[in-house]
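This is entry.cif (mmCIF, C-alpha atoms).
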```cif
data_input
#
loop_
_atom_site.group_PDB
_atom_site.id
_atom_site.type_symbol
_atom_site.label_atom_id
_atom_site.label_comp_id
_atom_site.auth_asym_id
_atom_site.auth_seq_id
_atom_site.Cartn_x
_atom_site.Cartn_y
_atom_site.Cartn_z
ATOM 1 C CA MET D 404 121.261 79.277 110.941
ATOM 2 C CA GLU D 405 119.017 76.404 111.974
ATOM 3 C CA ALA D 406 119.863 72.794 111.222
ATOM 4 C CA ASP D 407 116.505 72.132 109.528
ATOM 5 C CA ARG D 408 117.200 74.787 106.903
ATOM 6 C CA LEU D 409 119.413 72.674 104.695
ATOM 7 C CA ASN D 410 118.575 73.551 101.125
ATOM 8 C CA SER D 411 117.791 70.012 99.987
ATOM 9 C CA PRO D 412 115.281 68.960 97.323
ATOM 10 C CA SER D 413 112.796 68.146 100.080
ATOM 11 C CA THR D 414 112.925 71.675 101.532
ATOM 12 C CA SER D 415 109.942 73.634 100.238
ATOM 13 C CA VAL D 416 110.157 76.676 102.537
ATOM 14 C CA ILE D 417 113.174 78.620 103.794
ATOM 15 C CA THR D 418 112.737 80.739 106.945
ATOM 16 C CA PHE D 419 115.039 83.751 106.984
ATOM 17 C CA GLU D 420 115.326 86.517 109.587
ATOM 18 C CA VAL D 421 116.282 89.950 108.292
ATOM 19 C CA LEU D 422 115.901 93.389 109.872
ATOM 20 C CA GLY D 423 113.835 91.954 112.710
ATOM 21 C CA HIS D 424 111.352 90.080 110.505
ATOM 22 C CA GLN D 425 110.952 86.334 110.130
ATOM 23 C CA LEU D 426 110.275 85.852 106.435
ATOM 24 C CA GLN D 427 109.326 82.644 104.661
ATOM 25 C CA PHE D 428 110.303 81.953 101.082
ATOM 26 C CA SER D 429 108.784 79.089 99.143
ATOM 27 C CA GLN D 430 111.153 77.378 96.768
ATOM 28 C CA ASP D 431 111.201 74.425 94.421
ATOM 29 C CA PRO D 432 114.689 72.902 94.268
ATOM 30 C CA ASN D 433 113.338 70.123 92.044
ATOM 31 C CA SER D 434 112.345 72.614 89.371
ATOM 32 C CA LYS D 435 114.377 72.734 86.165
ATOM 33 C CA HIS D 436 114.565 76.540 86.519
ATOM 34 C CA LEU D 437 117.384 77.915 88.666
ATOM 35 C CA GLY D 438 115.230 80.844 89.781
ATOM 36 C CA THR D 439 113.019 78.700 91.990
ATOM 37 C CA THR D 440 115.767 78.064 94.558
ATOM 38 C CA VAL D 441 116.888 80.385 97.384
ATOM 39 C CA TRP D 442 120.572 80.915 96.617
ATOM 40 C CA ASP D 443 123.018 81.823 99.365
ATOM 41 C CA THR D 444 124.191 85.084 97.785
ATOM 42 C CA SER D 445 120.732 86.602 98.170
ATOM 43 C CA MET D 446 120.907 86.036 101.939
ATOM 44 C CA VAL D 447 124.458 87.412 102.108
ATOM 45 C CA PHE D 448 123.195 90.534 100.298
ATOM 46 C CA ALA D 449 120.202 91.024 102.618
ATOM 47 C CA LYS D 450 122.341 90.544 105.725
ATOM 48 C CA PHE D 451 124.898 93.035 104.368
ATOM 49 C CA LEU D 452 122.117 95.616 104.127
ATOM 50 C CA GLU D 453 121.015 94.803 107.660
ATOM 51 C CA LYS D 454 124.515 95.211 109.092
ATOM 52 C CA ASN D 455 125.055 98.574 107.386
ATOM 53 C CA SER D 456 121.557 100.003 107.912
ATOM 54 C CA ARG D 457 122.226 101.870 111.165
ATOM 55 C CA LYS D 458 124.066 104.756 109.513
ATOM 56 C CA GLY D 459 125.433 105.868 106.189
ATOM 57 C CA ARG D 460 124.234 105.125 102.683
ATOM 58 C CA PHE D 461 121.972 102.227 103.622
ATOM 59 C CA CYS D 462 120.082 103.673 106.577
ATOM 60 C CA PRO D 463 116.287 103.942 106.123
ATOM 61 C CA SER D 464 116.316 107.746 106.139
ATOM 62 C CA LYS D 465 118.583 107.732 103.074
ATOM 63 C CA LEU D 466 116.741 104.945 101.236
ATOM 64 C CA LYS D 467 113.132 105.923 101.929
ATOM 65 C CA GLY D 468 111.248 106.219 98.643
ATOM 66 C CA LYS D 469 114.164 105.180 96.423
ATOM 67 C CA ARG D 470 113.143 103.215 93.340
ATOM 68 C CA VAL D 471 114.774 99.794 93.117
ATOM 69 C CA ILE D 472 114.582 97.068 90.511
ATOM 70 C CA GLU D 473 115.779 93.547 91.197
ATOM 71 C CA LEU D 474 116.896 91.507 88.206
ATOM 72 C CA GLY D 475 116.645 87.734 88.305
ATOM 73 C CA ALA D 476 114.830 88.018 91.629
ATOM 74 C CA GLY D 477 114.056 84.301 91.885
ATOM 75 C CA CYS D 478 112.385 83.774 95.260
ATOM 76 C CA GLY D 479 112.649 87.500 96.136
ATOM 77 C CA VAL D 480 115.012 87.552 99.139
ATOM 78 C CA ALA D 481 117.256 90.475 98.141
ATOM 79 C CA GLY D 482 114.340 92.692 97.155
ATOM 80 C CA PHE D 483 112.819 92.383 100.611
ATOM 81 C CA GLY D 484 116.094 93.584 102.112
ATOM 82 C CA MET D 485 115.661 96.862 100.227
ATOM 83 C CA ALA D 486 111.898 97.138 100.812
ATOM 84 C CA LEU D 487 112.380 96.751 104.577
ATOM 85 C CA LEU D 488 114.646 99.806 104.445
ATOM 86 C CA GLY D 489 111.892 101.890 102.844
ATOM 87 C CA CYS D 490 112.566 101.400 99.121
ATOM 88 C CA ASP D 491 109.916 100.886 96.462
ATOM 89 C CA VAL D 492 111.040 97.670 94.787
ATOM 90 C CA VAL D 493 110.103 95.988 91.519
ATOM 91 C CA SER D 494 111.183 92.340 91.649
ATOM 92 C CA THR D 495 111.535 90.845 88.187
ATOM 93 C CA ASP D 496 112.248 87.496 86.600
ATOM 94 C CA GLN D 497 111.231 85.304 83.684
ATOM 95 C CA ILE D 498 107.615 84.299 83.292
ATOM 96 C CA GLU D 499 108.270 80.744 84.548
ATOM 97 C CA VAL D 500 109.458 82.098 87.904
ATOM 98 C CA VAL D 501 106.902 84.891 88.359
ATOM 99 C CA PRO D 502 104.153 82.778 90.053
ATOM 100 C CA LEU D 503 106.488 81.581 92.819
ATOM 101 C CA LEU D 504 108.010 85.054 93.184
ATOM 102 C CA ARG D 505 104.557 86.658 93.443
ATOM 103 C CA ARG D 506 103.494 84.126 96.085
ATOM 104 C CA ASN D 507 106.550 84.954 98.202
ATOM 105 C CA VAL D 508 106.016 88.693 97.806
ATOM 106 C CA GLU D 509 102.334 88.550 98.761
ATOM 107 C CA ARG D 510 102.860 86.262 101.747
ATOM 108 C CA ASN D 511 105.808 88.154 103.213
ATOM 109 C CA THR D 512 104.318 91.593 102.587
ATOM 110 C CA SER D 513 101.245 90.486 104.526
ATOM 111 C CA ARG D 514 103.406 89.155 107.383
ATOM 112 C CA ILE D 515 105.386 92.391 107.562
ATOM 113 C CA MET D 516 102.338 94.661 107.516
ATOM 114 C CA GLN D 517 100.773 92.679 110.365
ATOM 115 C CA MET D 518 103.915 92.978 112.486
ATOM 116 C CA ILE D 519 104.884 96.634 112.075
ATOM 117 C CA SER D 520 103.218 99.490 113.928
ATOM 118 C CA ASN D 521 104.351 102.151 111.463
ATOM 119 C CA SER D 522 103.493 101.137 107.910
ATOM 120 C CA ASP D 523 105.648 103.979 106.565
ATOM 121 C CA SER D 524 108.791 102.113 107.654
ATOM 122 C CA PHE D 525 108.177 99.522 104.940
ATOM 123 C CA GLY D 526 108.439 100.625 101.337
ATOM 124 C CA SER D 527 106.719 98.464 98.746
ATOM 125 C CA ILE D 528 107.475 95.487 96.541
ATOM 126 C CA GLN D 529 105.826 94.549 93.274
ATOM 127 C CA VAL D 530 106.413 91.773 90.764
ATOM 128 C CA ALA D 531 106.941 92.095 87.019
ATOM 129 C CA GLU D 532 108.053 89.883 84.171
ATOM 130 C CA LEU D 533 111.345 90.987 82.633
ATOM 131 C CA ASP D 534 113.353 89.078 80.052
ATOM 132 C CA TRP D 535 116.747 90.693 79.711
ATOM 133 C CA GLY D 536 116.989 92.648 76.486
ATOM 134 C CA ASN D 537 113.206 92.785 75.978
ATOM 135 C CA GLU D 538 112.484 96.443 75.222
ATOM 136 C CA ASP D 539 108.765 96.140 75.926
ATOM 137 C CA HIS D 540 109.371 94.639 79.373
ATOM 138 C CA ILE D 541 111.901 97.377 80.141
ATOM 139 C CA LYS D 542 109.465 100.154 79.162
ATOM 140 C CA VAL D 543 106.718 98.709 81.375
ATOM 141 C CA VAL D 544 108.820 99.017 84.557
ATOM 142 C CA ALA D 545 109.465 102.724 83.768
ATOM 143 C CA PRO D 546 113.205 103.347 84.149
ATOM 144 C CA PRO D 547 115.470 104.903 85.315
ATOM 145 C CA PHE D 548 115.884 103.497 88.837
ATOM 146 C CA ASP D 549 117.879 104.736 91.798
ATOM 147 C CA TYR D 550 119.188 101.230 92.454
ATOM 148 C CA ILE D 551 119.534 98.106 90.331
ATOM 149 C CA ILE D 552 120.199 94.951 92.362
ATOM 150 C CA GLY D 553 120.755 91.293 91.575
ATOM 151 C CA THR D 554 122.290 88.209 93.164
ATOM 152 C CA ASP D 555 123.679 85.161 91.379
ATOM 153 C CA VAL D 556 122.386 86.430 88.053
ATOM 154 C CA VAL D 557 125.414 85.351 85.995
ATOM 155 C CA TYR D 558 126.162 81.646 85.669
ATOM 156 C CA ALA D 559 126.940 81.370 81.932
ATOM 157 C CA GLU D 560 128.778 83.509 79.372
ATOM 158 C CA HIS D 561 125.772 83.959 77.092
ATOM 159 C CA LEU D 562 123.917 85.892 79.819
ATOM 160 C CA LEU D 563 126.499 88.650 80.135
ATOM 161 C CA GLU D 564 125.561 90.729 77.084
ATOM 162 C CA PRO D 565 121.751 90.808 77.589
ATOM 163 C CA LEU D 566 122.258 91.510 81.316
ATOM 164 C CA LEU D 567 124.618 94.392 80.562
ATOM 165 C CA GLN D 568 122.257 95.862 77.960
ATOM 166 C CA THR D 569 119.348 95.622 80.398
ATOM 167 C CA ILE D 570 121.242 97.280 83.250
ATOM 168 C CA ILE D 571 122.236 100.171 80.990
ATOM 169 C CA ALA D 572 118.658 100.555 79.695
ATOM 170 C CA LEU D 573 117.331 100.680 83.271
ATOM 171 C CA SER D 574 119.941 103.186 84.446
ATOM 172 C CA GLY D 575 120.238 106.922 84.665
ATOM 173 C CA PRO D 576 123.349 108.999 85.369
ATOM 174 C CA LYS D 577 122.944 108.585 89.137
ATOM 175 C CA THR D 578 121.875 104.934 89.286
ATOM 176 C CA THR D 579 123.721 102.698 91.749
ATOM 177 C CA ILE D 580 124.142 99.050 90.764
ATOM 178 C CA MET D 581 124.580 96.424 93.495
ATOM 179 C CA LEU D 582 125.285 92.855 92.436
ATOM 180 C CA GLY D 583 126.225 89.732 94.364
ATOM 181 C CA HIS D 584 128.037 86.830 92.744
ATOM 182 C CA GLU D 585 129.221 83.412 93.836
ATOM 183 C CA ILE D 586 132.247 82.191 91.918
ATOM 184 C CA ARG D 587 131.453 78.835 90.362
ATOM 185 C CA SER D 588 133.406 79.184 87.118
ATOM 186 C CA THR D 589 136.681 81.106 86.884
ATOM 187 C CA SER D 590 136.085 81.718 83.171
ATOM 188 C CA VAL D 591 132.595 83.171 83.678
ATOM 189 C CA HIS D 592 133.813 85.243 86.626
ATOM 190 C CA GLU D 593 136.675 86.792 84.634
ATOM 191 C CA GLN D 594 134.464 87.589 81.649
ATOM 192 C CA MET D 595 131.859 89.089 83.960
ATOM 193 C CA LEU D 596 134.383 91.392 85.630
ATOM 194 C CA GLN D 597 135.813 92.450 82.285
ATOM 195 C CA ALA D 598 132.346 93.330 80.975
ATOM 196 C CA TRP D 599 131.524 95.284 84.128
ATOM 197 C CA GLU D 600 134.795 97.190 84.209
ATOM 198 C CA ASN D 601 134.289 98.267 80.599
ATOM 199 C CA SER D 602 131.015 99.999 81.487
ATOM 200 C CA PHE D 603 131.036 100.613 85.247
ATOM 201 C CA GLU D 604 133.062 102.129 88.029
ATOM 202 C CA VAL D 605 133.415 98.942 90.106
ATOM 203 C CA LYS D 606 133.955 98.654 93.855
ATOM 204 C CA VAL D 607 134.133 95.480 95.950
ATOM 205 C CA VAL D 608 132.540 95.255 99.394
ATOM 206 C CA PRO D 609 135.117 93.973 101.919
ATOM 207 C CA ARG D 610 134.215 90.946 104.015
ATOM 208 C CA ALA D 611 134.593 93.006 107.179
ATOM 209 C CA LYS D 612 131.432 94.862 106.152
ATOM 210 C CA MET D 613 129.433 91.702 105.529
ATOM 211 C CA ASP D 614 127.557 89.893 108.269
ATOM 212 C CA SER D 615 130.099 87.731 110.097
ATOM 213 C CA LYS D 616 127.904 84.649 109.745
ATOM 214 C CA TYR D 617 126.347 85.165 106.336
ATOM 215 C CA GLN D 618 129.438 85.304 104.167
ATOM 216 C CA HIS D 619 131.706 82.929 102.281
ATOM 217 C CA PRO D 620 135.047 83.428 100.489
ATOM 218 C CA SER D 621 133.492 82.545 97.129
ATOM 219 C CA ILE D 622 130.672 85.105 97.483
ATOM 220 C CA GLN D 623 131.434 88.701 96.537
ATOM 221 C CA LEU D 624 129.310 91.863 96.574
ATOM 222 C CA TYR D 625 129.891 94.716 94.129
ATOM 223 C CA ILE D 626 128.755 98.351 94.139
ATOM 224 C CA MET D 627 128.932 100.047 90.748
ATOM 225 C CA GLY D 628 127.996 103.147 88.795
ATOM 226 C CA LEU D 629 127.812 103.660 85.038
ATOM 227 C CA LYS D 630 130.658 105.326 83.193
ATOM 228 C CA PRO D 631 129.428 108.303 81.119
ATOM 229 C CA GLN D 632 129.681 106.572 77.730
ATOM 230 C CA ALA D 633 127.450 103.731 78.937
ATOM 231 C CA VAL D 634 124.430 106.024 79.511
ATOM 232 C CA PRO D 635 122.037 106.007 76.503
ATOM 233 C CA ALA D 636 122.157 109.302 74.621
ATOM 234 C CA GLU D 637 118.487 110.126 75.142
ATOM 235 C CA LYS D 638 118.969 109.881 78.901
ATOM 236 C CA ALA D 639 122.000 112.165 78.844
ATOM 237 C CA GLU D 640 120.228 115.121 77.217
ATOM 238 C CA ASN D 641 121.045 118.494 78.798
ATOM 239 C CA VAL D 642 123.587 116.806 81.095
ATOM 240 C CA VAL D 643 127.209 117.910 81.199
ATOM 241 C CA ILE D 644 129.234 114.712 80.973
ATOM 242 C CA LYS D 645 132.140 115.946 83.054
ATOM 243 C CA GLU D 646 129.850 117.078 85.852
ATOM 244 C CA ASN D 647 128.068 113.726 85.816
ATOM 245 C CA LEU D 648 131.339 111.857 86.020
ATOM 246 C CA ASP D 649 132.533 113.963 88.937
ATOM 247 C CA ASN D 650 129.230 113.663 90.784
ATOM 248 C CA ARG D 651 128.888 109.937 90.124
ATOM 249 C CA THR D 652 132.473 109.182 91.112
ATOM 250 C CA GLN D 653 132.139 111.242 94.279
ATOM 251 C CA GLY D 654 128.824 109.555 95.076
ATOM 252 C CA ILE D 655 130.237 106.087 94.628
ATOM 253 C CA ASP D 656 133.321 107.003 96.650
ATOM 254 C CA ARG D 657 131.162 108.328 99.482
ATOM 255 C CA GLN D 658 128.972 105.248 99.363
ATOM 256 C CA VAL D 659 131.899 102.868 99.293
ATOM 257 C CA ASN D 660 133.777 104.766 101.970
ATOM 258 C CA GLU D 661 130.766 104.447 104.243
ATOM 259 C CA VAL D 662 130.974 100.680 103.951
ATOM 260 C CA GLU D 663 134.772 100.760 103.563
ATOM 261 C CA THR D 664 134.826 98.995 100.232
ATOM 262 C CA SER D 665 137.986 98.609 98.191
ATOM 263 C CA LYS D 666 138.561 99.513 94.553
ATOM 264 C CA THR D 667 139.019 96.724 92.027
ATOM 265 C CA ASP D 668 142.102 97.312 89.915
ATOM 266 C CA SER D 669 143.865 94.618 87.949
ATOM 267 C CA ASP D 670 146.385 93.848 90.675
ATOM 268 C CA LYS D 671 143.700 93.411 93.319
ATOM 269 C CA GLU D 672 141.680 91.244 90.983
ATOM 270 C CA GLU D 673 144.659 88.969 90.394
ATOM 271 C CA ASN D 674 145.233 88.671 94.105
ATOM 272 C CA ARG D 675 141.583 88.009 94.761
ATOM 273 C CA GLY D 676 141.500 85.354 92.074
ATOM 274 C CA SER D 677 144.523 83.574 93.472
ATOM 275 C CA SER D 678 143.037 83.416 96.946
ATOM 276 C CA SER D 679 139.539 82.306 95.963
ATOM 277 C CA ALA D 680 138.672 81.322 92.409
ATOM 278 C CA ASP D 681 141.775 79.161 91.923
ATOM 279 C CA ASP D 682 140.816 77.098 94.964
ATOM 280 C CA LEU D 683 137.228 76.320 93.995
ATOM 281 C CA ASP D 684 137.892 72.594 93.658
ATOM 282 C CA GLY D 685 138.652 72.318 97.363
ATOM 283 C CA GLU D 686 137.778 74.209 100.493
ATOM 284 C CA ILE D 687 138.263 77.927 99.925
ATOM 285 C CA ILE D 688 140.344 79.668 102.583
ATOM 286 C CA GLU D 689 141.478 83.238 102.214
ATOM 287 C CA GLU D 690 145.129 83.989 102.745
ATOM 288 C CA ASN D 691 146.133 84.548 106.375
ATOM 289 C CA CYS D 692 142.655 83.904 107.739
ATOM 290 C CA LEU D 693 140.190 81.122 108.398
ATOM 291 C CA PRO D 694 136.601 81.401 107.179
ATOM 292 C CA LEU D 695 134.459 83.096 109.784
ATOM 293 C CA THR D 696 131.825 80.446 109.182
ATOM 294 C CA ARG D 697 133.976 77.625 110.605
ATOM 295 C CA LEU D 698 133.891 76.919 114.308
ATOM 296 C CA PRO D 699 137.141 76.702 116.347
ATOM 297 C CA ASP D 700 136.675 72.986 117.032
ATOM 298 C CA GLY D 701 136.681 72.228 113.321
ATOM 299 C CA LYS D 702 133.011 71.268 113.096
ATOM 300 C CA LEU D 703 130.800 72.618 110.350
ATOM 301 C CA SER D 704 128.832 75.713 111.237
ATOM 302 C CA GLU D 705 125.143 75.756 110.360
ATOM 303 C CA TRP D 706 125.899 78.069 107.421
ATOM 304 C CA ASP D 707 128.466 75.628 105.988
ATOM 305 C CA ALA D 708 126.130 72.723 106.669
ATOM 306 C CA ARG D 709 123.480 74.450 104.568
ATOM 307 C CA ARG D 710 125.916 75.069 101.716
ATOM 308 C CA TYR D 711 127.401 71.579 101.630
ATOM 309 C CA GLY D 712 123.996 69.992 102.169
ATOM 310 C CA SER D 713 122.638 71.893 99.183
ATOM 311 C CA MET D 714 125.513 70.861 96.936
ATOM 312 C CA ALA D 715 125.310 67.223 98.038
ATOM 313 C CA ALA D 716 121.552 67.095 97.496
ATOM 314 C CA ARG D 717 121.847 68.475 93.982
ATOM 315 C CA LEU D 718 124.671 66.075 93.111
ATOM 316 C CA LEU D 719 122.674 63.110 94.367
ATOM 317 C CA ARG D 720 119.672 64.286 92.369
ATOM 318 C CA ASP D 721 121.650 64.687 89.138
ATOM 319 C CA ILE D 722 123.924 61.616 89.309
ATOM 320 C CA LYS D 723 122.496 58.324 88.063
ATOM 321 C CA ILE D 724 123.973 55.244 89.684
ATOM 322 C CA ASN D 725 124.172 52.272 87.313
#
```
Using structure tokens, write down the structure that the file contains.
Amino acid sequence: MEADRLNSPSTSVITFEVLGHQLQFSQDPNSKHLGTTVWDTSMVFAKFLEKNSRKGRFCPSKLKGKRVIELGAGCGVAGFGMALLGCDVVSTDQIEVVPLLRRNVERNTSRIMQMISNSDSFGSIQVAELDWGNEDHIKVVAPPFDYIIGTDVVYAEHLLEPLLQTIIALSGPKTTIMLGHEIRSTSVHEQMLQAWENSFEVKVVPRAKMDSKYQHPSIQLYIMGLKPQAVPAEKAENVVIKENLDNRTQGIDRQVNEVETSKTDSDKEENRGSSSADDLDGEIIEENCLPLTRLPDGKLSEWDARRYGSMAARLLRDIKIN
């Protein structure tokens, strides 16, 4: 990552290369809305897709024409990762964020279409307003979707229930849910996992399958599918529940095996928490390994410089010196 890409309040445009395209995302770090900033998890998600796009579940031939909805899209980074693999994406957020999101979608779609020789290789990406739990907004986007994606969408406990209700309303029996999350609060993280495990079959993407540069011990990616009881009754008409469970479980297992993800059971969650979330106050280092983002000579990599620069800039902006 380039040194001039520190996510400081003075940075209005982030340049990000994914799947051979140089994309530019406008942001407004000085905005009071969190959705107007490019958060690191969205880049980790897009680079994960890029790394695993040559074969398996995430290759363009498998994703071509799949319907995707991105929740809490913000500046739109993750949605472009899916659109570049041939998906038809609806990027959604609250009305306050929609103008910036639409500007990023229009500008980057134009850049991509000018650069590619085969327009069929790029899917599509549209913008829509969606407040979680708003039934009218949900009907407008016409569920169900093949994929539901989101990055850094949970930062407070009160968001968990409307997010869960919205995901279920947008899902069908075969929907795959892919969410990225950066641990900032142990309490929120634990409640989030508990809510997900009550409704979803949850798998965690191992760091070995993430891009070696675009990853961090506090950032996790999840691949999930709905448990049968979470599917609304009207969507489950004429569907044999046992067959759905078998098919969905097999589908998730195949998908996760292709990216060698590991299952989250309570023991693994405890271990993961002890090696990451408990160390959030200091530098996070996974057991028996050093972060791949740190250089051998002990200097900050460009990725770490971006992260620490962003945090420092926000602290300086928020702290008043008497």
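You can rank D:Tyr617, D:Gly479, D:Leu573, D:Ile626 by their closest distance to Pro546 of chain D using all atoms listed in the file, and at the top of that list sits D:Leu573.
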Please enumerate the residues selected by the PyMOL selection byres ((chain D and resi 485) around 9) when evaluated against the supplied file, formatted as a PyMOL selection string.
chain D and resi 449+452+461+466+471+481-484+486-492+526
List as a PDB file with C-alpha atoms, in the coordinates of the input: which residues have an atom within 8 Å of (120.7, 89.3, 106.1), counting all atoms listed in the file?
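Here's the written file part33.pdb:
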```
ATOM      1  CA  PHE D 419     115.039  83.751 106.984  1.00  0.00           C
ATOM      2  CA  GLU D 420     115.326  86.517 109.587  1.00  0.00           C
ATOM      3  CA  VAL D 421     116.282  89.950 108.292  1.00  0.00           C
ATOM      4  CA  LEU D 422     115.901  93.389 109.872  1.00  0.00           C
ATOM      5  CA  MET D 446     120.907  86.036 101.939  1.00  0.00           C
ATOM      6  CA  VAL D 447     124.458  87.412 102.108  1.00  0.00           C
ATOM      7  CA  PHE D 448     123.195  90.534 100.298  1.00  0.00           C
ATOM      8  CA  ALA D 449     120.202  91.024 102.618  1.00  0.00           C
ATOM      9  CA  LYS D 450     122.341  90.544 105.725  1.00  0.00           C
ATOM     10  CA  PHE D 451     124.898  93.035 104.368  1.00  0.00           C
ATOM     11  CA  LEU D 452     122.117  95.616 104.127  1.00  0.00           C
ATOM     12  CA  GLU D 453     121.015  94.803 107.660  1.00  0.00           C
ATOM     13  CA  LYS D 454     124.515  95.211 109.092  1.00  0.00           C
ATOM     14  CA  GLY D 484     116.094  93.584 102.112  1.00  0.00           C
ATOM     15  CA  ASP D 614     127.557  89.893 108.269  1.00  0.00           C
ATOM     16  CA  TYR D 617     126.347  85.165 106.336  1.00  0.00           C
TER      17      TYR D 617
END
```
Using atom CA of Leu533 of chain D and atom CA of His561 of chain D as the two end points, give the distance in Å to one decimal.
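Taking atom CA of Leu533 of chain D and atom CA of His561 of chain D, their separation equals 17.0 Å.
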Which of D:Gln597, D:Asn537, D:Thr444, D:Ser524 sits closest to Val556 of chain D [using only C-alpha atoms]
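Nearest to Val556 of chain D: D:Thr444.
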Extract, using all atoms listed in the file, all DNA, RNA and protein residues at most 7 Å from segment 505-520 of chain D, discarding same-chain residues fewer than 3 positions from it, and format them as a PyMOL selection string.
chain D and resi 426-429+478-479+501-502+530
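Here atom CA of Val416 of chain D stands at a distance of 29.4 Å from atom CA of Lys469 of chain D.
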Six-sided padding of 8 Å per side, axis-aligned box over segment 455-468 of chain D, centre and edges in Å, one decimal, as JSON:
```
{"center_x": 118.3, "center_y": 103.2, "center_z": 104.9, "size_x": 30.2, "size_y": 25.2, "size_z": 28.5}
```
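In this model, the gap between atom CA of Pro576 of chain D and atom CA of Lys465 of chain D comes to 18.4 Å.
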